[in-house]
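Structure file structure-v1.csv; described as CSV, C-alpha atoms.
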```csv
chain,number,residue,atom,x,y,z
T,1201,ALA,CA,0.0,0.0,0.0
T,1202,SER,CA,1.3,3.4,-0.9
T,1203,GLY,CA,1.8,6.1,1.7
T,1204,PHE,CA,3.2,3.6,4.3
T,1205,GLU,CA,6.6,2.5,5.3
T,1206,ARG,CA,8.1,-0.3,7.4
T,1207,LYS,CA,5.4,-2.7,6.3
T,1208,ARG,CA,5.5,-6.1,8.0
T,1209,THR,CA,3.2,-9.0,7.6
T,1210,ILE,CA,2.6,-11.2,10.7
T,1211,SER,CA,1.0,-14.6,10.2
T,1212,LEU,CA,-1.2,-15.7,13.0
T,1213,SER,CA,-1.0,-19.4,12.2
T,1214,PRO,CA,2.2,-20.0,10.2
T,1215,GLU,CA,1.6,-23.8,10.0
T,1216,VAL,CA,-1.6,-23.2,8.1
T,1217,THR,CA,-1.5,-22.3,4.4
T,1218,SER,CA,-4.6,-20.0,4.5
T,1219,SER,CA,-3.5,-18.4,7.8
T,1220,PRO,CA,-5.0,-15.1,8.8
T,1221,PHE,CA,-2.4,-12.3,9.0
T,1222,VAL,CA,-1.9,-8.8,10.3
T,1223,ILE,CA,-0.2,-6.1,8.3
T,1224,VAL,CA,1.7,-3.6,10.5
T,1225,ALA,CA,2.9,-0.3,8.9
T,1226,ARG,CA,3.6,3.3,9.6
T,1227,SER,CA,2.2,6.2,7.7
T,1228,THR,CA,4.7,8.5,5.9
T,1229,ALA,CA,2.4,11.5,6.4
T,1230,SER,CA,2.7,13.8,9.4
T,1231,TYR,CA,-0.3,15.2,11.2
T,1232,SER,CA,-0.6,18.1,13.5
T,1233,LEU,CA,-3.7,18.7,15.5
T,1234,PRO,CA,-4.6,22.3,16.5
T,1235,ALA,CA,-4.0,23.0,20.2
T,1236,LEU,CA,-7.3,23.4,22.1
T,1237,PRO,CA,-7.6,26.3,24.6
T,1238,VAL,CA,-7.4,24.9,28.1
T,1239,GLN,CA,-8.8,26.9,31.0
T,1240,PRO,CA,-7.0,26.1,34.2
T,1241,ALA,CA,-9.2,24.4,36.8
T,1242,ALA,CA,-9.8,25.8,40.2
T,1243,TRP,CA,-8.8,23.9,43.4
T,1244,ILE,CA,-10.6,24.5,46.6
T,1245,LEU,CA,-8.4,24.0,49.7
T,1246,LEU,CA,-10.2,23.7,53.0
T,1247,ALA,CA,-7.8,24.3,55.8
T,1248,GLY,CA,-9.3,26.8,58.2
T,1249,ASP,CA,-7.4,29.5,60.0
T,1250,GLY,CA,-5.0,27.3,62.1
T,1251,THR,CA,-1.3,28.0,61.7
T,1252,THR,CA,-0.3,24.4,61.2
T,1253,ASN,CA,-3.0,23.4,58.6
T,1254,ALA,CA,-2.7,26.7,56.8
T,1255,GLY,CA,1.0,26.1,56.4
T,1256,VAL,CA,0.3,22.7,54.7
T,1257,SER,CA,-2.3,24.4,52.5
T,1258,ALA,CA,0.0,27.2,51.5
T,1259,ARG,CA,2.8,24.8,50.5
T,1260,LEU,CA,0.3,22.7,48.5
T,1261,ALA,CA,-1.1,25.8,46.8
T,1262,ARG,CA,2.3,26.8,45.5
T,1263,HIS,CA,2.8,23.5,43.8
T,1264,ILE,CA,-0.7,23.6,42.2
T,1265,GLU,CA,-0.2,27.2,41.0
T,1266,VAL,CA,3.1,26.2,39.4
T,1267,GLY,CA,1.1,23.6,37.4
T,1268,GLY,CA,-1.3,26.3,36.2
T,1269,GLY,CA,-4.1,25.7,38.7
T,1270,ASN,CA,-6.2,28.4,40.4
T,1271,ILE,CA,-6.4,28.3,44.2
T,1272,VAL,CA,-9.5,29.1,46.2
T,1273,ARG,CA,-9.1,29.1,50.0
T,1274,PRO,CA,-12.3,30.1,51.8
T,1275,ALA,CA,-11.4,31.7,55.1
T,1276,TRP,CA,-14.8,31.0,56.6
T,1277,VAL,CA,-14.3,27.3,57.1
T,1278,MET,CA,-13.7,27.1,60.8
T,1279,ARG,CA,-14.9,25.4,63.9
T,1280,SER,CA,-18.5,25.8,64.9
T,1281,GLY,CA,-18.8,28.8,67.3
T,1282,SER,CA,-16.1,30.9,65.7
T,1283,GLN,CA,-17.0,34.2,64.3
T,1284,THR,CA,-15.8,35.7,61.0
T,1285,SER,CA,-16.9,38.4,58.7
T,1286,GLU,CA,-16.1,36.3,55.6
T,1287,ALA,CA,-18.6,33.6,56.4
T,1288,PRO,CA,-21.5,33.5,53.9
T,1289,GLN,CA,-24.5,34.5,56.0
T,1290,GLY,CA,-22.6,33.5,59.1
T,1291,ASN,CA,-22.4,29.8,58.2
T,1292,PHE,CA,-19.8,27.4,59.5
T,1293,VAL,CA,-18.3,24.0,58.8
T,1294,GLY,CA,-21.6,22.0,58.6
T,1295,ASP,CA,-23.7,24.3,56.5
T,1296,VAL,CA,-24.6,22.6,53.2
T,1297,SER,CA,-25.9,25.8,51.7
T,1298,ALA,CA,-22.6,27.6,52.3
T,1299,PHE,CA,-20.7,24.8,50.5
T,1300,ALA,CA,-23.2,24.8,47.7
T,1301,THR,CA,-22.8,28.5,47.2
T,1302,LEU,CA,-19.0,28.1,47.3
T,1303,LEU,CA,-19.1,25.4,44.6
T,1304,SER,CA,-21.5,27.3,42.3
T,1305,GLU,CA,-19.5,30.5,42.6
T,1306,VAL,CA,-16.1,28.8,41.9
T,1307,LYS,CA,-17.6,26.9,38.9
T,1308,ASP,CA,-19.1,30.1,37.4
T,1309,LYS,CA,-15.9,32.0,37.8
T,1310,TYR,CA,-13.3,29.4,36.6
T,1311,GLY,CA,-15.4,27.0,34.5
T,1312,SER,CA,-14.4,23.8,36.3
T,1313,ILE,CA,-13.4,22.6,39.7
T,1314,GLY,CA,-10.3,20.4,39.7
T,1315,GLY,CA,-11.1,19.1,43.2
T,1316,VAL,CA,-11.8,20.0,46.8
T,1317,VAL,CA,-9.0,19.1,49.2
T,1318,HIS,CA,-10.1,18.5,52.8
T,1319,LEU,CA,-7.2,19.6,55.0
T,1320,TYR,CA,-9.2,21.1,57.8
T,1321,GLY,CA,-8.2,19.6,61.1
T,1322,LEU,CA,-5.4,17.6,59.6
T,1323,GLU,CA,-3.1,18.3,62.5
T,1324,PRO,CA,-3.9,19.5,66.0
T,1325,GLN,CA,-3.4,23.1,66.9
T,1326,SER,CA,-1.3,22.3,69.9
T,1327,ASP,CA,0.9,19.5,71.2
T,1328,ASP,CA,-1.2,18.9,74.3
T,1329,GLU,CA,-4.6,18.4,72.5
T,1330,SER,CA,-7.2,17.5,75.1
T,1331,PRO,CA,-9.6,14.6,74.5
T,1332,ALA,CA,-12.4,17.1,74.2
T,1333,ASP,CA,-10.5,19.1,71.5
T,1334,LEU,CA,-9.7,15.8,69.7
T,1335,LEU,CA,-13.3,14.8,69.6
T,1336,ALA,CA,-14.3,18.3,68.3
T,1337,ARG,CA,-11.7,18.1,65.6
T,1338,GLN,CA,-12.9,14.6,64.6
T,1339,VAL,CA,-16.5,15.8,64.5
T,1340,ASP,CA,-15.6,18.8,62.4
T,1341,ARG,CA,-13.6,16.8,59.9
T,1342,CYS,CA,-16.5,14.4,59.3
T,1343,THR,CA,-19.1,17.2,59.2
T,1344,ILE,CA,-17.2,19.0,56.4
T,1345,ALA,CA,-16.9,15.7,54.4
T,1346,SER,CA,-20.6,15.1,54.8
T,1347,ALA,CA,-21.6,18.7,53.9
T,1348,LEU,CA,-19.4,18.6,50.8
T,1349,VAL,CA,-21.2,15.4,49.5
T,1350,GLN,CA,-24.6,17.0,50.2
T,1351,ALA,CA,-23.6,20.2,48.5
T,1352,CYS,CA,-22.4,18.4,45.4
T,1353,GLU,CA,-25.6,16.4,45.2
T,1354,LYS,CA,-27.6,19.6,45.7
T,1355,THR,CA,-25.8,21.6,43.0
T,1356,ALA,CA,-25.2,18.6,40.7
T,1357,ILE,CA,-21.6,19.8,40.3
T,1358,GLY,CA,-19.2,17.0,39.4
T,1359,THR,CA,-15.8,17.1,41.0
T,1360,THR,CA,-13.5,15.2,43.3
T,1361,CYS,CA,-13.3,15.5,47.0
T,1362,TRP,CA,-9.9,14.5,48.4
T,1363,LEU,CA,-10.0,13.5,52.1
T,1364,VAL,CA,-6.5,13.9,53.5
T,1365,THR,CA,-5.8,12.1,56.7
T,1366,LYS,CA,-2.7,11.7,58.9
T,1367,GLY,CA,-1.4,8.4,60.1
T,1368,GLY,CA,-4.7,6.6,59.6
T,1369,ALA,CA,-3.4,3.9,57.3
T,1370,THR,CA,0.1,3.4,58.9
T,1371,GLU,CA,-0.7,-0.2,59.8
T,1372,MET,CA,-0.9,-1.1,56.1
T,1373,LEU,CA,2.6,0.1,55.4
T,1374,PRO,CA,5.4,-2.5,55.5
T,1375,ALA,CA,7.4,-2.8,58.8
T,1376,ARG,CA,5.3,-0.1,60.5
T,1377,GLN,CA,3.8,0.0,64.0
T,1378,THR,CA,0.5,1.7,64.8
T,1379,VAL,CA,0.5,4.1,67.7
T,1380,PHE,CA,-2.5,5.6,69.5
T,1381,ALA,CA,-2.0,9.0,67.8
T,1382,ASP,CA,-2.7,7.3,64.4
T,1383,ALA,CA,-6.3,6.7,65.5
T,1384,ALA,CA,-7.2,10.3,65.4
T,1385,ASP,CA,-8.4,10.2,61.8
T,1386,ALA,CA,-10.1,6.8,62.1
T,1387,PRO,CA,-13.6,8.4,62.1
T,1388,LEU,CA,-12.9,10.3,58.8
T,1389,ARG,CA,-11.4,7.2,57.2
T,1390,GLY,CA,-14.4,5.2,58.1
T,1391,LEU,CA,-16.8,7.8,56.7
T,1392,GLY,CA,-14.6,8.2,53.6
T,1393,ARG,CA,-14.9,4.5,52.8
T,1394,THR,CA,-18.6,4.7,53.1
T,1395,LEU,CA,-18.7,7.8,50.8
T,1396,LEU,CA,-16.5,6.1,48.1
T,1397,ASN,CA,-19.5,4.4,46.4
T,1398,GLU,CA,-22.5,6.6,47.4
T,1399,PRO,CA,-22.4,10.1,45.8
T,1400,ALA,CA,-23.7,10.4,42.2
T,1401,HIS,CA,-21.9,13.7,41.3
T,1402,LEU,CA,-18.9,13.6,43.6
T,1403,SER,CA,-15.9,11.3,43.3
T,1404,VAL,CA,-14.3,10.7,46.7
T,1405,ARG,CA,-10.6,9.9,47.0
T,1406,MET,CA,-8.6,9.2,50.2
T,1407,ILE,CA,-5.0,10.1,50.8
T,1408,ASP,CA,-3.2,9.2,54.0
T,1409,LEU,CA,0.0,10.9,55.0
T,1410,GLU,CA,2.4,8.8,57.1
T,1411,ARG,CA,3.0,10.3,60.5
T,1412,GLY,CA,6.8,10.8,61.2
T,1413,ASN,CA,8.7,11.5,64.4
T,1414,GLY,CA,7.3,15.0,64.4
T,1415,GLU,CA,3.8,16.2,63.8
T,1416,SER,CA,4.6,18.4,60.8
T,1417,THR,CA,4.0,17.2,57.3
T,1418,SER,CA,7.2,16.9,55.3
T,1419,ASP,CA,8.0,18.8,52.2
T,1420,ALA,CA,8.3,15.5,50.3
T,1421,GLN,CA,4.8,14.6,51.3
T,1422,VAL,CA,3.4,17.9,50.2
T,1423,THR,CA,5.2,17.5,46.8
T,1424,ALA,CA,3.9,14.0,46.4
T,1425,LEU,CA,0.4,15.2,47.5
T,1426,ALA,CA,0.4,17.8,44.8
T,1427,LEU,CA,1.5,15.3,42.2
T,1428,GLU,CA,-1.2,12.9,43.3
T,1429,LEU,CA,-3.9,15.6,42.9
T,1430,GLN,CA,-2.9,16.7,39.5
T,1431,SER,CA,-2.1,13.3,38.0
T,1432,ALA,CA,-4.6,11.0,39.6
T,1433,ASP,CA,-5.3,7.5,38.4
T,1434,GLU,CA,-8.0,5.0,39.2
T,1435,GLU,CA,-6.8,4.4,42.8
T,1436,GLN,CA,-9.3,5.5,45.4
T,1437,GLU,CA,-7.0,5.0,48.4
T,1438,VAL,CA,-3.4,6.2,48.5
T,1439,ILE,CA,-0.7,6.3,51.2
T,1440,LEU,CA,2.2,8.7,51.0
T,1441,THR,CA,5.2,8.1,53.3
T,1442,GLN,CA,7.4,10.7,55.0
T,1443,SER,CA,9.8,10.4,52.0
T,1444,GLY,CA,7.0,10.9,49.5
T,1445,ALA,CA,6.8,7.2,48.4
T,1446,ARG,CA,3.4,6.1,47.1
T,1447,PHE,CA,1.6,3.0,48.4
T,1448,VAL,CA,-1.8,1.7,47.5
T,1449,PRO,CA,-3.7,-1.1,49.4
T,1450,ARG,CA,-4.2,-4.5,47.9
T,1451,LEU,CA,-6.3,-7.4,49.0
T,1452,ARG,CA,-4.4,-10.7,49.1
T,1453,GLY,CA,-5.8,-14.2,49.6
T,1454,LEU,CA,-3.8,-16.1,52.3
T,1455,ALA,CA,-4.1,-19.8,53.2
T,1456,ARG,CA,-5.8,-20.3,56.5
T,1457,SER,CA,-3.4,-21.7,59.0
T,1458,LEU,CA,-4.2,-23.4,62.3
T,1459,PRO,CA,-2.0,-23.6,65.4
T,1460,PRO,CA,0.0,-26.9,65.5
T,1461,THR,CA,-2.2,-28.1,68.5
T,1462,ALA,CA,-5.5,-27.1,67.0
T,1463,LYS,CA,-7.8,-29.6,65.3
T,1464,PRO,CA,-10.1,-28.8,62.4
T,1465,PRO,CA,-13.6,-27.9,63.6
T,1466,VAL,CA,-16.2,-30.7,63.6
T,1467,ILE,CA,-19.8,-29.9,62.6
T,1468,ALA,CA,-22.3,-32.1,64.4
T,1469,CYS,CA,-25.3,-33.4,62.5
T,1470,ARG,CA,-28.1,-35.8,63.2
T,1471,ARG,CA,-29.4,-38.4,60.8
T,1472,ARG,CA,-33.1,-38.4,60.1
T,1473,PRO,CA,-34.7,-41.6,61.3
T,1474,ARG,CA,-35.9,-43.9,58.6
T,1475,MET,CA,-39.6,-44.2,58.3
```

Could you quickly redo this structure as C-alpha cells?
Amino acid sequence: ASGFERKRTISLSPEVTSSPFVIVARSTASYSLPALPVQPAAWILLAGDGTTNAGVSARLARHIEVGGGNIVRPAWVMRSGSQTSEAPQGNFVGDVSAFATLLSEVKDKYGSIGGVVHLYGLEPQSDDESPADLLARQVDRCTIASALVQACEKTAIGTTCWLVTKGGATEMLPARQTVFADAADAPLRGLGRTLLNEPAHLSVRMIDLERGNGESTSDAQVTALALELQSADEEQEVILTQSGARFVPRLRGLARSLPPTAKPPVIACRRRPRM
C-alpha cells in the first residue's frame, strides 16, 4: 500500500496455508492537531485558619499554582462557634448551603473545579490536645466531608473530594507499627470508605500521610500530594510516606493456618430416622 513504510506481515497461524495475518505499517504523512484552549481548573483548599494546617495548605497551593491551577481558599471554614466576617450569611463547617454557594461561585468563575482538598483539622493546633478538642476536631472533619457530599448532590456539580488524613493507614505500610495517635483520623477514614461508592456527582478519594517522628507534614509529602492531585489514576486510596513514596492497598488471599495443636472444627449433625 502506498503512503506507508516499514510494512510487515505477521502470520497468526504459520503452520496453516490459509493463515489469517496482520499487516503492520507506519504512515509516511505527518499530522498536527490544533491546540485546544485549556482553561486552568480551580482547586478549593479547605484548611481553616489554624497555623499548622494553613502552612500545609500554603505549600500545597504553591505546587498547584506552578502547574497552572487556580487556588480558592475560603477563610470562613472554621470550627463551629467561631466568628468571621467572611462567612457567607454567618455559616460554619456543617452548612450545606454555604458549601453549595461556594461550589457554584467557583464553577461560574473558573469554569471547572479540579477538586476539593479537605485539609481542615489535619493536624492538632497544639501538642497537648485534650480529649475534648480531639473529639471536636474529629466531628468537624467528618461534618465537612458530609456537607461537601450533600452540596455536590444539591448543585449537581461533578468534582473530586480529596479526604486527606494523617497516620490513619500506617498499619498497612510495610514494617510499621501503629500508635494511639494514628487513630485520630479513624472516624474520617471510616466515613470516607462509606462515601466512596455513594455520591452520584462527587468522586471521593482518600490520601493518608504517614506520621513521622514530628507532627509536621514533610515537604516530600506535600510535593507527592500535589502530584497525586494533578495526575490521579483509578486508585481511590493512596498512602504517602514521609519520604513521599506512594503505596496503595491491595487485598491478598492467604491460606488459612491453624496452630499446631489445633484440630479442624467438627460440625455435628443428626441423621433423620428412617420411616

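The smallest atom-to-atom distance between T:Ala1369 and any of T:Ala1455, T:Leu1303, T:Ile1244, T:Ile1439, using all atoms listed in the file, is found for T:Ile1439.
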
Near stretch 1387-1400 of chain T, counting only C-alpha atoms, which residues have an atom at most 12 Å away, once you skip same-chain residues fewer than 4 positions from it, shown as a CSV table (one decimal) with C-alpha atoms, in the coordinates of the input?
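Written out: selection_17.csv:
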```csv
chain,number,residue,atom,x,y,z
T,1318,HIS,CA,-10.1,18.5,52.8
T,1319,LEU,CA,-7.2,19.6,55.0
T,1320,TYR,CA,-9.2,21.1,57.8
T,1321,GLY,CA,-8.2,19.6,61.1
T,1322,LEU,CA,-5.4,17.6,59.6
T,1334,LEU,CA,-9.7,15.8,69.7
T,1335,LEU,CA,-13.3,14.8,69.6
T,1336,ALA,CA,-14.3,18.3,68.3
T,1337,ARG,CA,-11.7,18.1,65.6
T,1338,GLN,CA,-12.9,14.6,64.6
T,1339,VAL,CA,-16.5,15.8,64.5
T,1340,ASP,CA,-15.6,18.8,62.4
T,1341,ARG,CA,-13.6,16.8,59.9
T,1342,CYS,CA,-16.5,14.4,59.3
T,1343,THR,CA,-19.1,17.2,59.2
T,1344,ILE,CA,-17.2,19.0,56.4
T,1345,ALA,CA,-16.9,15.7,54.4
T,1346,SER,CA,-20.6,15.1,54.8
T,1347,ALA,CA,-21.6,18.7,53.9
T,1348,LEU,CA,-19.4,18.6,50.8
T,1349,VAL,CA,-21.2,15.4,49.5
T,1350,GLN,CA,-24.6,17.0,50.2
T,1351,ALA,CA,-23.6,20.2,48.5
T,1352,CYS,CA,-22.4,18.4,45.4
T,1353,GLU,CA,-25.6,16.4,45.2
T,1354,LYS,CA,-27.6,19.6,45.7
T,1355,THR,CA,-25.8,21.6,43.0
T,1356,ALA,CA,-25.2,18.6,40.7
T,1357,ILE,CA,-21.6,19.8,40.3
T,1358,GLY,CA,-19.2,17.0,39.4
T,1359,THR,CA,-15.8,17.1,41.0
T,1360,THR,CA,-13.5,15.2,43.3
T,1361,CYS,CA,-13.3,15.5,47.0
T,1362,TRP,CA,-9.9,14.5,48.4
T,1363,LEU,CA,-10.0,13.5,52.1
T,1364,VAL,CA,-6.5,13.9,53.5
T,1365,THR,CA,-5.8,12.1,56.7
T,1366,LYS,CA,-2.7,11.7,58.9
T,1367,GLY,CA,-1.4,8.4,60.1
T,1368,GLY,CA,-4.7,6.6,59.6
T,1369,ALA,CA,-3.4,3.9,57.3
T,1382,ASP,CA,-2.7,7.3,64.4
T,1383,ALA,CA,-6.3,6.7,65.5
T,1404,VAL,CA,-14.3,10.7,46.7
T,1405,ARG,CA,-10.6,9.9,47.0
T,1406,MET,CA,-8.6,9.2,50.2
T,1407,ILE,CA,-5.0,10.1,50.8
T,1408,ASP,CA,-3.2,9.2,54.0
T,1435,GLU,CA,-6.8,4.4,42.8
T,1436,GLN,CA,-9.3,5.5,45.4
T,1437,GLU,CA,-7.0,5.0,48.4
T,1438,VAL,CA,-3.4,6.2,48.5
```

Between atom CA of T:Pro1331 and atom CA of T:Gly1255, what distance in Å does the model show, to one decimal?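 Result for atom CA of T:Pro1331 versus atom CA of T:Gly1255: 23.9 Å, one decimal.
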
Hey, can you check how far atom CA of T:Pro1214 sits from atom CA of T:Ser1227? 26.3 Å

Check the smallest atom-to-atom distance from each of T:Met1372, T:Pro1274, T:Pro1240, T:Leu1451 to T:Gly1314 using all atoms listed in the file, then report the winner.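 For T:Gly1314, the nearest of the candidates is T:Pro1240.
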
Looking at only C-alpha atoms, which of T:Asp1385, T:Gly1311, T:Ile1264, T:Ser1297 is the one that sits closest to T:Ala1424? T:Ile1264

Using only C-alpha atoms, can you tell me which of T:Val1256, T:Ala1242, T:Gly1294, T:Arg1262 comes closest to T:Val1306?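 The answer is T:Ala1242, which sits nearest to T:Val1306.
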
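Going from atom CA of T:Phe1299 over to atom CA of T:Ala1254, you cover 19.2 Å.
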
Once you count all atoms listed in the file, which residues end up no further than 8 Å from (0.2, 3.0, 8.2) in the file's frame, shown as a short mmCIF file (atom, residue, chain, number, x, y, z; two decimals) with C-alpha atoms, in the coordinates of the input?
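Output file result_22.cif follows:
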```cif
data_model
loop_
_atom_site.label_atom_id
_atom_site.label_comp_id
_atom_site.auth_asym_id
_atom_site.auth_seq_id
_atom_site.Cartn_x
_atom_site.Cartn_y
_atom_site.Cartn_z
CA GLY T 1203 1.80 6.10 1.70
CA PHE T 1204 3.20 3.60 4.30
CA GLU T 1205 6.60 2.50 5.30
CA LYS T 1207 5.40 -2.70 6.30
CA VAL T 1224 1.70 -3.60 10.50
CA ALA T 1225 2.90 -0.30 8.90
CA ARG T 1226 3.60 3.30 9.60
CA SER T 1227 2.20 6.20 7.70
CA THR T 1228 4.70 8.50 5.90
#
```

Counting all atoms listed in the file, which residue out of T:Glu1371, T:Glu1410, T:Glu1215, T:Asp1333 sits closest to T:Val1422?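 Looking at the shortest contact to T:Val1422, the residue is T:Glu1410.
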
Polymer residues at most 10 Å from T:Gly1412, only C-alpha atoms, same-chain spacing of 3 or more positions, as a PyMOL selection string: chain T and resi 1366-1367+1409+1415-1418+1441-1443

Which of these residues is nearest to T:Glu1428, using only C-alpha atoms: T:Leu1260, T:Val1272, T:Ser1330, T:Lys1309?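 Under the stated criterion, the closest residue is T:Leu1260.
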